[in-house]
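Peer 1: Structure supplied as model-v1.cif; contents: mmCIF, C-alpha atoms.
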```cif
data_start
loop_
_atom_site.label_atom_id
_atom_site.label_comp_id
_atom_site.auth_asym_id
_atom_site.auth_seq_id
_atom_site.Cartn_x
_atom_site.Cartn_y
_atom_site.Cartn_z
CA MET A 1 14.09 10.56 -83.31
CA LEU A 2 17.11 9.35 -81.32
CA LYS A 3 19.31 12.01 -82.95
CA ARG A 4 16.86 14.74 -81.94
CA ILE A 5 16.79 13.57 -78.32
CA THR A 6 20.60 13.43 -78.28
CA VAL A 7 20.86 17.01 -79.55
CA VAL A 8 18.48 18.25 -76.84
CA VAL A 9 20.42 16.40 -74.11
CA ILE A 10 23.70 17.93 -75.32
CA LEU A 11 22.16 21.41 -75.25
CA LEU A 12 20.87 20.88 -71.71
CA VAL A 13 24.23 19.66 -70.48
CA ALA A 14 26.00 22.56 -72.19
CA VAL A 15 23.96 25.16 -70.28
CA MET A 16 23.72 23.23 -67.01
CA GLY A 17 26.79 24.87 -65.56
CA HIS A 18 25.43 28.34 -66.36
CA ALA A 19 21.78 27.89 -65.46
CA GLN A 20 21.94 29.35 -61.94
CA GLU A 21 19.89 32.49 -62.03
CA GLY A 22 21.22 35.75 -60.63
CA THR A 23 19.33 38.02 -58.25
CA VAL A 24 20.00 41.25 -56.42
CA SER A 25 17.39 40.76 -53.70
CA PRO A 26 18.62 41.34 -50.12
CA TYR A 27 16.07 38.72 -49.03
CA SER A 28 18.13 36.05 -50.81
CA PHE A 29 20.44 36.33 -47.78
CA TYR A 30 18.13 34.01 -45.86
CA GLY A 31 17.90 30.22 -46.08
CA ILE A 32 19.09 28.91 -49.47
CA GLY A 33 17.99 32.03 -51.32
CA ASN A 34 14.82 33.14 -53.08
CA LEU A 35 12.61 30.29 -54.29
CA LYS A 36 12.23 30.67 -58.06
CA PHE A 37 9.03 30.27 -60.05
CA LYS A 38 8.71 26.74 -61.43
CA GLY A 39 6.70 27.04 -64.62
CA THR A 40 6.59 28.33 -68.17
CA ALA A 41 6.05 31.88 -69.38
CA GLU A 42 2.51 30.86 -70.33
CA ASN A 43 1.76 29.92 -66.70
CA ARG A 44 3.55 32.98 -65.37
CA ALA A 45 1.42 35.35 -67.47
CA MET A 46 -1.68 33.84 -65.82
CA GLY A 47 -0.53 34.65 -62.29
CA GLY A 48 1.49 31.42 -62.11
CA ILE A 49 -1.42 28.96 -62.10
CA SER A 50 -0.70 25.37 -63.18
CA VAL A 51 -4.22 23.92 -63.11
CA TYR A 52 -4.67 24.31 -66.88
CA SER A 53 -2.97 21.94 -69.37
CA ASP A 54 -3.54 21.40 -73.07
CA SER A 55 -2.15 19.26 -75.89
CA ILE A 56 0.40 21.73 -77.33
CA HIS A 57 2.03 23.39 -74.29
CA LEU A 58 4.29 21.70 -71.75
CA ASN A 59 3.21 21.87 -68.09
CA ILE A 60 6.35 21.59 -65.93
CA GLN A 61 4.53 22.35 -62.67
CA ASN A 62 2.20 19.34 -62.61
CA PRO A 63 3.63 16.08 -64.07
CA ALA A 64 0.10 14.80 -64.73
CA GLY A 65 -0.30 17.51 -67.38
CA VAL A 66 2.31 15.93 -69.65
CA ALA A 67 -0.03 12.98 -70.27
CA GLY A 68 -2.23 15.24 -72.42
CA LEU A 69 0.44 16.18 -74.95
CA LYS A 70 -0.35 15.34 -78.59
CA LEU A 71 2.78 16.85 -80.17
CA VAL A 72 6.46 16.85 -79.25
CA ASN A 73 7.14 20.16 -77.53
CA TYR A 74 10.44 22.00 -77.19
CA THR A 75 10.24 24.94 -74.83
CA ALA A 76 12.70 27.47 -73.43
CA GLY A 77 12.21 30.68 -71.48
CA LEU A 78 14.19 33.64 -70.26
CA SER A 79 13.37 36.79 -68.33
CA HIS A 80 14.66 40.23 -67.47
CA LYS A 81 13.93 41.79 -64.10
CA TYR A 82 14.22 45.50 -63.42
CA GLU A 83 13.68 46.60 -59.84
CA THR A 84 13.99 49.47 -57.42
CA ILE A 85 15.29 48.47 -53.99
CA LYS A 86 14.61 51.02 -51.29
CA THR A 87 14.55 51.70 -47.56
CA ALA A 88 12.92 54.57 -45.72
CA GLU A 89 15.98 56.77 -46.45
CA GLU A 90 17.42 55.73 -49.83
CA SER A 91 16.90 53.63 -52.95
CA GLN A 92 18.83 52.12 -55.83
CA LYS A 93 18.02 50.43 -59.12
CA ALA A 94 19.24 47.10 -60.47
CA SER A 95 18.44 44.54 -63.15
CA THR A 96 19.15 40.89 -63.95
CA THR A 97 18.65 38.68 -67.00
CA SER A 98 18.42 34.91 -66.74
CA ILE A 99 17.47 31.61 -68.34
CA ASP A 100 14.31 30.32 -66.65
CA TYR A 101 13.97 26.83 -68.10
CA LEU A 102 14.82 24.44 -70.93
CA ALA A 103 12.59 21.40 -71.45
CA LEU A 104 11.33 18.81 -73.91
CA GLY A 105 7.99 16.96 -73.81
CA ILE A 106 7.24 13.73 -75.71
CA PRO A 107 3.75 12.19 -76.16
CA MET A 108 3.54 8.37 -76.10
CA GLY A 109 -0.11 7.40 -76.41
CA LYS A 110 -1.67 7.42 -72.96
CA PHE A 111 1.79 8.21 -71.55
CA GLY A 112 3.72 11.45 -71.77
CA ALA A 113 7.26 12.28 -70.69
CA SER A 114 9.34 15.40 -70.27
CA PHE A 115 12.78 16.37 -69.04
CA GLY A 116 14.66 19.61 -68.61
CA LEU A 117 16.52 22.04 -66.42
CA LEU A 118 15.45 25.05 -64.35
CA PRO A 119 16.67 27.08 -61.35
CA TYR A 120 15.19 26.29 -57.92
CA THR A 121 16.72 29.08 -55.79
CA ALA A 122 18.89 32.14 -56.39
CA VAL A 123 21.29 34.01 -54.09
CA GLY A 124 22.73 37.45 -54.82
CA TYR A 125 23.09 40.22 -52.25
CA ASN A 126 25.46 42.91 -50.94
CA LEU A 127 24.53 44.16 -47.46
CA ARG A 128 26.35 46.44 -45.02
CA THR A 129 25.84 47.18 -41.32
CA GLU A 130 27.58 49.81 -39.18
CA GLU A 131 27.66 49.64 -35.38
CA SER A 132 30.09 51.08 -32.79
CA GLY A 133 32.67 51.95 -35.42
CA ILE A 134 32.63 48.45 -36.97
CA THR A 135 31.47 48.01 -40.55
CA THR A 136 30.40 44.53 -41.66
CA THR A 137 29.73 43.75 -45.32
CA TYR A 138 27.85 40.60 -46.32
CA THR A 139 27.95 39.36 -49.91
CA GLY A 140 26.50 36.20 -51.41
CA SER A 141 26.03 34.48 -54.76
CA GLY A 142 24.96 31.18 -56.30
CA GLY A 143 21.85 29.07 -56.11
CA VAL A 144 20.37 25.61 -56.58
CA ASN A 145 19.36 24.14 -59.95
CA LYS A 146 16.92 21.36 -60.75
CA ALA A 147 17.26 18.74 -63.50
CA PHE A 148 13.98 16.83 -63.83
CA PHE A 149 12.36 13.89 -65.59
CA ALA A 150 8.56 13.62 -65.56
CA LEU A 151 6.21 10.83 -66.59
CA GLY A 152 2.43 11.16 -66.88
CA TYR A 153 -0.30 8.60 -67.57
CA GLN A 154 -3.90 9.09 -68.65
CA ILE A 155 -5.91 6.60 -66.56
CA THR A 156 -9.22 7.63 -68.12
CA PRO A 157 -10.17 10.41 -70.55
CA LYS A 158 -10.96 12.49 -67.45
CA LEU A 159 -8.18 11.55 -65.00
CA SER A 160 -4.40 11.74 -65.38
CA ILE A 161 -1.61 11.17 -62.86
CA GLY A 162 2.12 11.83 -62.99
CA VAL A 163 5.42 11.88 -61.12
CA ASP A 164 8.67 13.74 -61.68
CA ALA A 165 12.11 12.95 -60.26
CA ASN A 166 14.47 15.87 -59.62
CA TYR A 167 18.22 16.04 -59.14
CA ASN A 168 19.06 19.25 -57.27
CA PHE A 169 22.56 20.67 -57.44
CA GLY A 170 24.42 23.95 -57.02
CA ASN A 171 26.52 25.97 -54.62
CA ILE A 172 26.08 29.04 -52.45
CA GLU A 173 28.90 31.34 -51.36
CA ASN A 174 28.70 33.79 -48.45
CA THR A 175 31.32 36.29 -47.32
CA ALA A 176 31.36 38.44 -44.16
CA GLU A 177 34.01 41.18 -44.09
CA ARG A 178 34.59 43.24 -40.93
CA ARG A 179 36.49 46.51 -40.68
CA GLU A 180 36.98 48.84 -37.71
CA ASP A 181 37.45 52.61 -37.95
CA ASP A 182 41.05 53.89 -37.61
CA ILE A 183 42.45 50.33 -37.76
CA GLN A 184 44.35 49.15 -40.83
CA TYR A 185 43.46 45.50 -40.38
CA GLY A 186 40.24 43.63 -41.00
CA THR A 187 38.93 40.08 -40.99
CA GLU A 188 36.98 38.05 -43.50
CA GLU A 189 34.99 34.82 -43.22
CA PHE A 190 34.19 32.92 -46.41
CA ASN A 191 31.65 30.07 -46.46
CA LYS A 192 30.78 27.82 -49.37
CA SER A 193 28.11 25.12 -49.48
CA ASP A 194 27.86 22.62 -52.34
CA LEU A 195 24.28 21.31 -52.28
CA LEU A 196 23.04 18.17 -53.98
CA GLY A 197 20.29 15.59 -53.59
CA PHE A 198 17.13 14.08 -55.07
CA ASN A 199 13.44 14.75 -54.52
CA PHE A 200 10.24 13.91 -56.36
CA ASN A 201 6.84 15.40 -57.04
CA ILE A 202 3.50 13.68 -57.69
CA GLY A 203 0.46 15.16 -59.37
CA ALA A 204 -3.06 14.51 -60.56
CA GLN A 205 -5.43 16.29 -62.91
CA TYR A 206 -9.17 15.76 -63.44
CA LYS A 207 -11.23 17.27 -66.26
CA THR A 208 -14.97 16.89 -66.80
CA MET A 209 -17.74 18.67 -68.69
CA ILE A 210 -20.20 20.76 -66.69
CA ASN A 211 -22.48 21.09 -69.70
CA GLU A 212 -22.13 20.89 -73.48
CA SER A 213 -19.62 23.76 -73.67
CA LEU A 214 -18.10 24.34 -70.22
CA SER A 215 -15.41 22.16 -68.66
CA LEU A 216 -14.20 21.93 -65.07
CA ILE A 217 -10.53 21.19 -64.27
CA ALA A 218 -9.15 20.25 -60.85
CA SER A 219 -5.49 19.57 -60.06
CA ALA A 220 -3.25 18.67 -57.14
CA THR A 221 0.49 18.24 -56.63
CA TYR A 222 2.53 17.16 -53.62
CA THR A 223 6.28 17.26 -52.96
CA PRO A 224 7.43 15.26 -49.89
CA GLU A 225 10.09 16.65 -47.60
CA THR A 226 13.61 15.40 -48.35
CA ASN A 227 17.16 16.36 -47.37
CA LEU A 228 19.91 17.86 -49.49
CA THR A 229 23.53 17.08 -48.65
CA SER A 230 25.55 20.24 -47.99
CA GLU A 231 29.32 19.89 -48.40
CA ASN A 232 30.68 22.87 -46.47
CA THR A 233 34.00 24.71 -46.52
CA ARG A 234 35.09 27.76 -44.50
CA THR A 235 38.07 30.09 -44.72
CA ILE A 236 38.97 32.80 -42.20
CA SER A 237 41.54 35.43 -43.13
CA SER A 238 42.91 38.77 -42.05
CA PHE A 239 43.84 41.58 -44.43
CA LEU A 240 45.57 44.93 -44.55
CA VAL A 241 43.61 47.95 -45.73
CA LEU A 242 45.81 50.02 -48.05
CA PRO A 243 45.54 53.83 -48.30
CA SER A 244 43.79 53.43 -51.66
CA GLY A 245 41.01 51.47 -49.95
CA THR A 246 41.97 48.13 -51.51
CA THR A 247 42.98 45.18 -49.37
CA THR A 248 45.78 42.65 -49.38
CA PRO A 249 45.57 39.34 -47.47
CA ILE A 250 47.93 38.72 -44.55
CA ASP A 251 46.91 35.37 -43.09
CA GLU A 252 44.45 32.81 -44.42
CA ARG A 253 43.34 29.61 -42.71
CA ASP A 254 41.02 26.84 -43.75
CA ILE A 255 38.59 25.78 -41.00
CA GLN A 256 37.31 22.24 -40.89
CA VAL A 257 33.51 22.21 -40.87
CA PRO A 258 31.37 19.06 -41.10
CA ASP A 259 29.08 18.29 -43.98
CA THR A 260 25.43 18.76 -43.09
CA GLU A 261 21.96 17.96 -44.36
CA PHE A 262 19.67 20.74 -45.47
CA THR A 263 15.93 20.18 -45.34
CA PHE A 264 14.17 20.42 -48.69
CA PRO A 265 10.66 21.65 -47.71
CA SER A 266 7.51 19.74 -48.57
CA GLN A 267 4.71 21.50 -50.40
CA TYR A 268 1.29 20.92 -51.88
CA THR A 269 -0.82 22.80 -54.43
CA LEU A 270 -4.56 22.61 -55.05
CA GLY A 271 -6.15 24.17 -58.13
CA LEU A 272 -9.59 24.56 -59.67
CA GLY A 273 -10.76 26.22 -62.87
CA VAL A 274 -13.54 26.44 -65.45
CA GLY A 275 -13.53 27.32 -69.13
CA LYS A 276 -14.65 26.78 -72.69
CA ASP A 277 -12.33 24.69 -74.85
CA LYS A 278 -10.08 26.81 -77.14
CA LYS A 279 -11.95 29.95 -76.09
CA TRP A 280 -11.37 30.99 -72.46
CA PHE A 281 -10.36 29.73 -69.04
CA VAL A 282 -10.16 31.11 -65.50
CA GLY A 283 -8.79 29.35 -62.44
CA GLY A 284 -7.20 29.69 -59.03
CA GLU A 285 -4.65 27.86 -56.86
CA TYR A 286 -3.40 27.63 -53.31
CA THR A 287 0.12 26.45 -52.40
CA ASN A 288 1.58 25.71 -48.97
CA ILE A 289 5.36 25.25 -48.45
CA THR A 290 6.81 24.09 -45.10
CA THR A 291 9.63 26.63 -45.06
CA SER A 292 9.32 26.81 -41.26
CA ASN A 293 12.11 24.22 -41.04
CA LEU A 294 14.57 26.35 -43.03
CA ARG A 295 17.58 27.96 -41.44
CA ASN A 296 20.60 30.01 -42.46
CA ARG A 297 23.52 27.79 -43.30
CA SER A 298 26.37 30.16 -42.38
CA PHE A 299 25.14 32.98 -40.16
CA ASP A 300 22.94 32.86 -37.07
CA ILE A 301 20.48 35.76 -37.10
CA ASP A 302 18.44 36.40 -33.98
CA PHE A 303 15.86 38.72 -35.57
CA VAL A 304 14.92 36.35 -38.44
CA THR A 305 12.50 33.43 -38.20
CA PHE A 306 10.94 31.14 -40.79
CA THR A 307 7.28 30.16 -41.03
CA ASP A 308 5.35 28.12 -43.58
CA ALA A 309 4.99 29.97 -46.88
CA SER A 310 1.72 30.22 -48.80
CA LYS A 311 0.72 31.37 -52.27
CA PHE A 312 -2.63 32.42 -53.75
CA ARG A 313 -2.80 32.64 -57.54
CA ALA A 314 -5.59 33.38 -60.00
CA GLY A 315 -5.60 33.90 -63.75
CA GLY A 316 -6.73 32.75 -67.15
CA PHE A 317 -6.74 33.34 -70.89
CA PHE A 318 -8.99 34.38 -73.77
CA ILE A 319 -8.81 33.54 -77.51
CA PRO A 320 -11.09 35.63 -79.77
CA ASN A 321 -11.30 33.05 -82.59
CA TYR A 322 -9.08 29.99 -82.51
CA ASN A 323 -9.92 29.01 -86.13
CA SER A 324 -9.61 32.47 -87.69
CA ILE A 325 -7.66 32.36 -90.96
CA GLY A 326 -7.51 35.93 -92.18
CA LYS A 327 -7.09 37.84 -88.91
CA PHE A 328 -3.89 37.07 -87.02
CA TRP A 329 -4.85 38.84 -83.78
CA ASN A 330 -8.01 36.75 -83.46
CA ARG A 331 -5.81 33.66 -82.96
CA VAL A 332 -3.61 35.29 -80.32
CA VAL A 333 -3.94 33.99 -76.74
CA TYR A 334 -4.44 36.86 -74.26
CA ARG A 335 -3.44 35.99 -70.69
CA GLY A 336 -3.64 37.71 -67.32
CA GLY A 337 -3.40 36.95 -63.61
CA VAL A 338 -2.63 38.03 -60.09
CA ARG A 339 -0.75 36.46 -57.17
CA PHE A 340 -0.15 37.04 -53.47
CA GLU A 341 2.61 35.24 -51.58
CA ASP A 342 3.65 35.00 -47.96
CA THR A 343 7.35 34.16 -48.40
CA GLY A 344 7.66 32.55 -44.95
CA ILE A 345 10.42 34.97 -43.88
CA THR A 346 9.81 37.11 -40.78
CA VAL A 347 12.30 39.93 -40.10
CA ASN A 348 12.02 42.09 -36.98
CA GLY A 349 8.63 40.49 -36.37
CA GLU A 350 7.32 41.58 -39.79
CA GLY A 351 6.33 39.01 -42.42
CA ILE A 352 7.77 39.54 -45.90
CA ASN A 353 5.00 39.35 -48.50
CA GLU A 354 5.03 39.58 -52.28
CA PHE A 355 2.36 40.73 -54.72
CA GLY A 356 2.29 40.66 -58.51
CA ILE A 357 -0.02 41.39 -61.46
CA SER A 358 0.84 39.79 -64.81
CA PHE A 359 -0.38 39.80 -68.39
CA GLY A 360 0.87 38.51 -71.73
CA VAL A 361 0.15 37.17 -75.19
CA GLY A 362 0.80 33.94 -77.08
CA LEU A 363 1.62 34.63 -80.73
CA PRO A 364 1.08 31.71 -83.15
CA VAL A 365 3.96 30.84 -85.51
CA GLY A 366 4.51 28.02 -87.98
CA ARG A 367 2.12 25.29 -89.05
CA VAL A 368 2.18 22.90 -86.05
CA PHE A 369 0.65 25.11 -83.35
CA SER A 370 4.00 26.57 -82.27
CA ASN A 371 4.00 29.95 -80.56
CA ILE A 372 6.04 32.74 -79.04
CA ASN A 373 4.87 33.83 -75.58
CA ILE A 374 5.60 37.29 -74.20
CA GLY A 375 4.60 38.42 -70.74
CA PHE A 376 5.03 41.19 -68.19
CA GLU A 377 4.64 41.41 -64.44
CA VAL A 378 4.65 44.34 -62.05
CA GLY A 379 4.84 43.75 -58.32
CA ARG A 380 6.31 44.41 -54.91
CA ARG A 381 8.07 42.49 -52.15
CA GLY A 382 8.67 43.59 -48.59
CA THR A 383 8.10 46.96 -46.91
CA THR A 384 10.08 50.02 -45.86
CA ASP A 385 8.54 49.87 -42.36
CA PHE A 386 10.49 48.52 -39.36
CA ASP A 387 13.86 49.35 -41.02
CA LEU A 388 13.22 46.78 -43.76
CA VAL A 389 13.72 46.79 -47.53
CA GLN A 390 11.05 47.06 -50.22
CA GLU A 391 11.54 45.79 -53.78
CA ASN A 392 9.40 47.19 -56.59
CA PHE A 393 9.93 45.11 -59.72
CA PHE A 394 8.97 44.86 -63.36
CA ASN A 395 9.53 41.49 -65.04
CA THR A 396 9.64 40.84 -68.76
CA PHE A 397 9.63 37.20 -69.83
CA ILE A 398 9.56 35.42 -73.16
CA SER A 399 9.42 31.81 -74.26
CA LEU A 400 9.47 29.68 -77.38
CA SER A 401 7.05 26.76 -77.46
CA LEU A 402 7.84 24.76 -80.61
CA ASN A 403 5.85 21.70 -81.64
CA ASP A 404 6.75 18.84 -83.96
CA ARG A 405 5.40 15.46 -85.04
CA TRP A 406 7.84 12.61 -84.46
CA PHE A 407 5.56 9.60 -84.61
CA LYS A 408 3.65 9.76 -87.88
CA LYS A 409 3.28 7.16 -90.60
CA THR A 410 4.41 7.99 -94.11
CA TYR A 411 2.48 6.40 -96.98
CA TYR A 412 3.87 5.83 -100.46
CA ASP A 413 1.92 5.16 -103.65
#
```
With the file now loaded, output its structure as structure tokens.
Peer 2:
Amino acid sequence: MLKRITVVVILLVAVMGHAQEGTVSPYSFYGIGNLKFKGTAENRAMGGISVYSDSIHLNIQNPAGVAGLKLVNYTAGLSHKYETIKTAEESQKASTTSIDYLALGIPMGKFGASFGLLPYTAVGYNLRTEESGITTTYTGSGGVNKAFFALGYQITPKLSIGVDANYNFGNIENTAERREDDIQYGTEEFNKSDLLGFNFNIGAQYKTMINESLSLIASATYTPETNLTSENTRTISSFLVLPSGTTTPIDERDIQVPDTEFTFPSQYTLGLGVGKDKKWFVGGEYTNITTSNLRNRSFDIDFVTFTDASKFRAGGFFIPNYNSIGKFWNRVVYRGGVRFEDTGITVNGEGINEFGISFGVGLPVGRVFSNINIGFEVGRRGTTDFDLVQENFFNTFISLSLNDRWFKKTYYD
């Protein structure tokens, strides 16, 4: 068992430096970037809901859910996003592929534990403004990652609680380059913020029977507000624009900037659902995130404000016949869901909202309830009104959820 845990830890550490997820969204310019979905592909295919937990899938959204594990679970997910980014006048297409999470869950009687790595935010943009003969180009990259350890405990057969501790780390780079028409010289400002700090999340889950066949599940999670330390550096330089259009630096100076604290927003989620065990489930959730205290680290923007973000999610699954032996597709889990999100970003007085519809399947493999999960999501963020940008996207995501028995007695004749 110890060797298996060691191998998983080594794998997590090996990918930790490459786990920051890329994005091409212009809205990642604001704050510390786009908040990423925290959850598995199974959750994502059901609109992102976390209220449902079972004994063979790892719930990384609510730490109370890990208390219900009956098998050791290895899980990893990745996704590919294809999107069309457009304004009222023009559009362009882009795509990104990324690792979404790596995690391991371990049952321990009434206790359950899990640990892993996932992205928390992503930054990736290339914006340009032109005014009075001056062209300014803004570029940014990076993001914040989250390494977590969760522990859940089953107080009674109906009630479980849990807590997870998170170490957040990463860096964000922003560059602002200014050029003026008919002038061979330009200026560039480069800002880098190395972000790190801890936060934790608490959760609870309650399950009871409504009648002989139907069960009711309620869940809640809460993340208190904490601060991340931001170690900041800034470089200002001038450059010469060559006839070919390339640039060569002339003067470069490092500017002393103090380290700051960046507020990690608090949030809470409430969920409720009903279903029939190993047959079907449908549920909904509401999430509130206090992003109103966010701000841009490097650039002051008069026309951008932050408000509290909110999310509404609904979804579920259906299994035709969980115990079917001869017909493979009867044992497949069919999932679907919908979500609506107010991102908390207001640009030119217009709130930036996001909408998505998702669906997917869980394909059984192996003998210990392992499965491959494939899902798709189509959605939209933003609007082309008020000189803003709209993103139409199509996400494809896949995960492996592999189960094993570590703690079993072997009998010899």
Peer 1: Skip region 224-232 of chain A itself and residues of its chain fewer than 2 positions away, then list as a list of chain:residue names all residues within 8 Å of it, counting only C-alpha atoms.
Peer 2: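 In the requested form, the answer reads A:Asn168, A:Asn191, A:Lys192, A:Ser193, A:Asp194, A:Leu195, A:Leu196, A:Gly197, A:Phe198, A:Asn199, A:Phe200, A:Asn201, A:Tyr222, A:Arg234, A:Val257, A:Pro258, A:Asp259, A:Thr260, A:Glu261, A:Phe262, A:Thr263, A:Phe264, A:Pro265, A:Ser266, A:Gln267.
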Peer 1: Just to be explicit: take each residue in the selection above, keep C-alpha atoms, and write the result as a PDB file, keeping the file's coordinate frame.
Peer 2:
```pdb
ATOM      1  CA  ASN A 168      19.060  19.250 -57.270  1.00  0.00           C
ATOM      2  CA  ASN A 191      31.650  30.070 -46.460  1.00  0.00           C
ATOM      3  CA  LYS A 192      30.780  27.820 -49.370  1.00  0.00           C
ATOM      4  CA  SER A 193      28.110  25.120 -49.480  1.00  0.00           C
ATOM      5  CA  ASP A 194      27.860  22.620 -52.340  1.00  0.00           C
ATOM      6  CA  LEU A 195      24.280  21.310 -52.280  1.00  0.00           C
ATOM      7  CA  LEU A 196      23.040  18.170 -53.980  1.00  0.00           C
ATOM      8  CA  GLY A 197      20.290  15.590 -53.590  1.00  0.00           C
ATOM      9  CA  PHE A 198      17.130  14.080 -55.070  1.00  0.00           C
ATOM     10  CA  ASN A 199      13.440  14.750 -54.520  1.00  0.00           C
ATOM     11  CA  PHE A 200      10.240  13.910 -56.360  1.00  0.00           C
ATOM     12  CA  ASN A 201       6.840  15.400 -57.040  1.00  0.00           C
ATOM     13  CA  TYR A 222       2.530  17.160 -53.620  1.00  0.00           C
ATOM     14  CA  ARG A 234      35.090  27.760 -44.500  1.00  0.00           C
ATOM     15  CA  VAL A 257      33.510  22.210 -40.870  1.00  0.00           C
ATOM     16  CA  PRO A 258      31.370  19.060 -41.100  1.00  0.00           C
ATOM     17  CA  ASP A 259      29.080  18.290 -43.980  1.00  0.00           C
ATOM     18  CA  THR A 260      25.430  18.760 -43.090  1.00  0.00           C
ATOM     19  CA  GLU A 261      21.960  17.960 -44.360  1.00  0.00           C
ATOM     20  CA  PHE A 262      19.670  20.740 -45.470  1.00  0.00           C
ATOM     21  CA  THR A 263      15.930  20.180 -45.340  1.00  0.00           C
ATOM     22  CA  PHE A 264      14.170  20.420 -48.690  1.00  0.00           C
ATOM     23  CA  PRO A 265      10.660  21.650 -47.710  1.00  0.00           C
ATOM     24  CA  SER A 266       7.510  19.740 -48.570  1.00  0.00           C
ATOM     25  CA  GLN A 267       4.710  21.500 -50.400  1.00  0.00           C
TER      26      GLN A 267
END
```
Peer 1: Applied to the shown file, which residues does the PyMOL selection byres ((chain A and resi 375-379) around 9) return, written as a ChimeraX atom specification?
Peer 2: /A:41-42,44-45,47,335-336,354-362,373-374,380-381,391-399
Peer 1: So which one's closest to Lys311 (chain A), A:Met108, A:Ile60, A:Ala67, A:Ile49? Using all atoms listed in the file, please.
Peer 2: A:Ile49
Peer 1: Got a sec: who's within 7 Å of region 150-154 of chain A, counting all atoms listed in the file, leaving out chain neighbours fewer than 2 positions off, as a list in words?
Peer 2: Pro63, Ala64, Gly65, Val66, Ala67, Lys110, Phe111, Gly112, Ala113, Ser114, Phe115, Phe148, Thr156, Pro157, Leu159, Ser160, Ile161, Gly162, Val163, Asp164 and Ala165 of chain A
Peer 1: For the structure shown, which residues end up in the PyMOL selection byres ((chain A and resi 237) around 6)? Put them as a list in words, please?
Peer 2: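 That selection, the PyMOL selection byres ((chain A and resi 237) around 6), comes back as Thr187, Glu188, Ile236, Ser238, Asp251 and Glu252 of chain A.
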Peer 1: Quick one: residues within 7 Å of Phe306 (chain A), all atoms listed in the file, excluding same-chain residues fewer than 6 positions away - as a ChimeraX atom specification?
Peer 2: /A:291-292,294,344-346
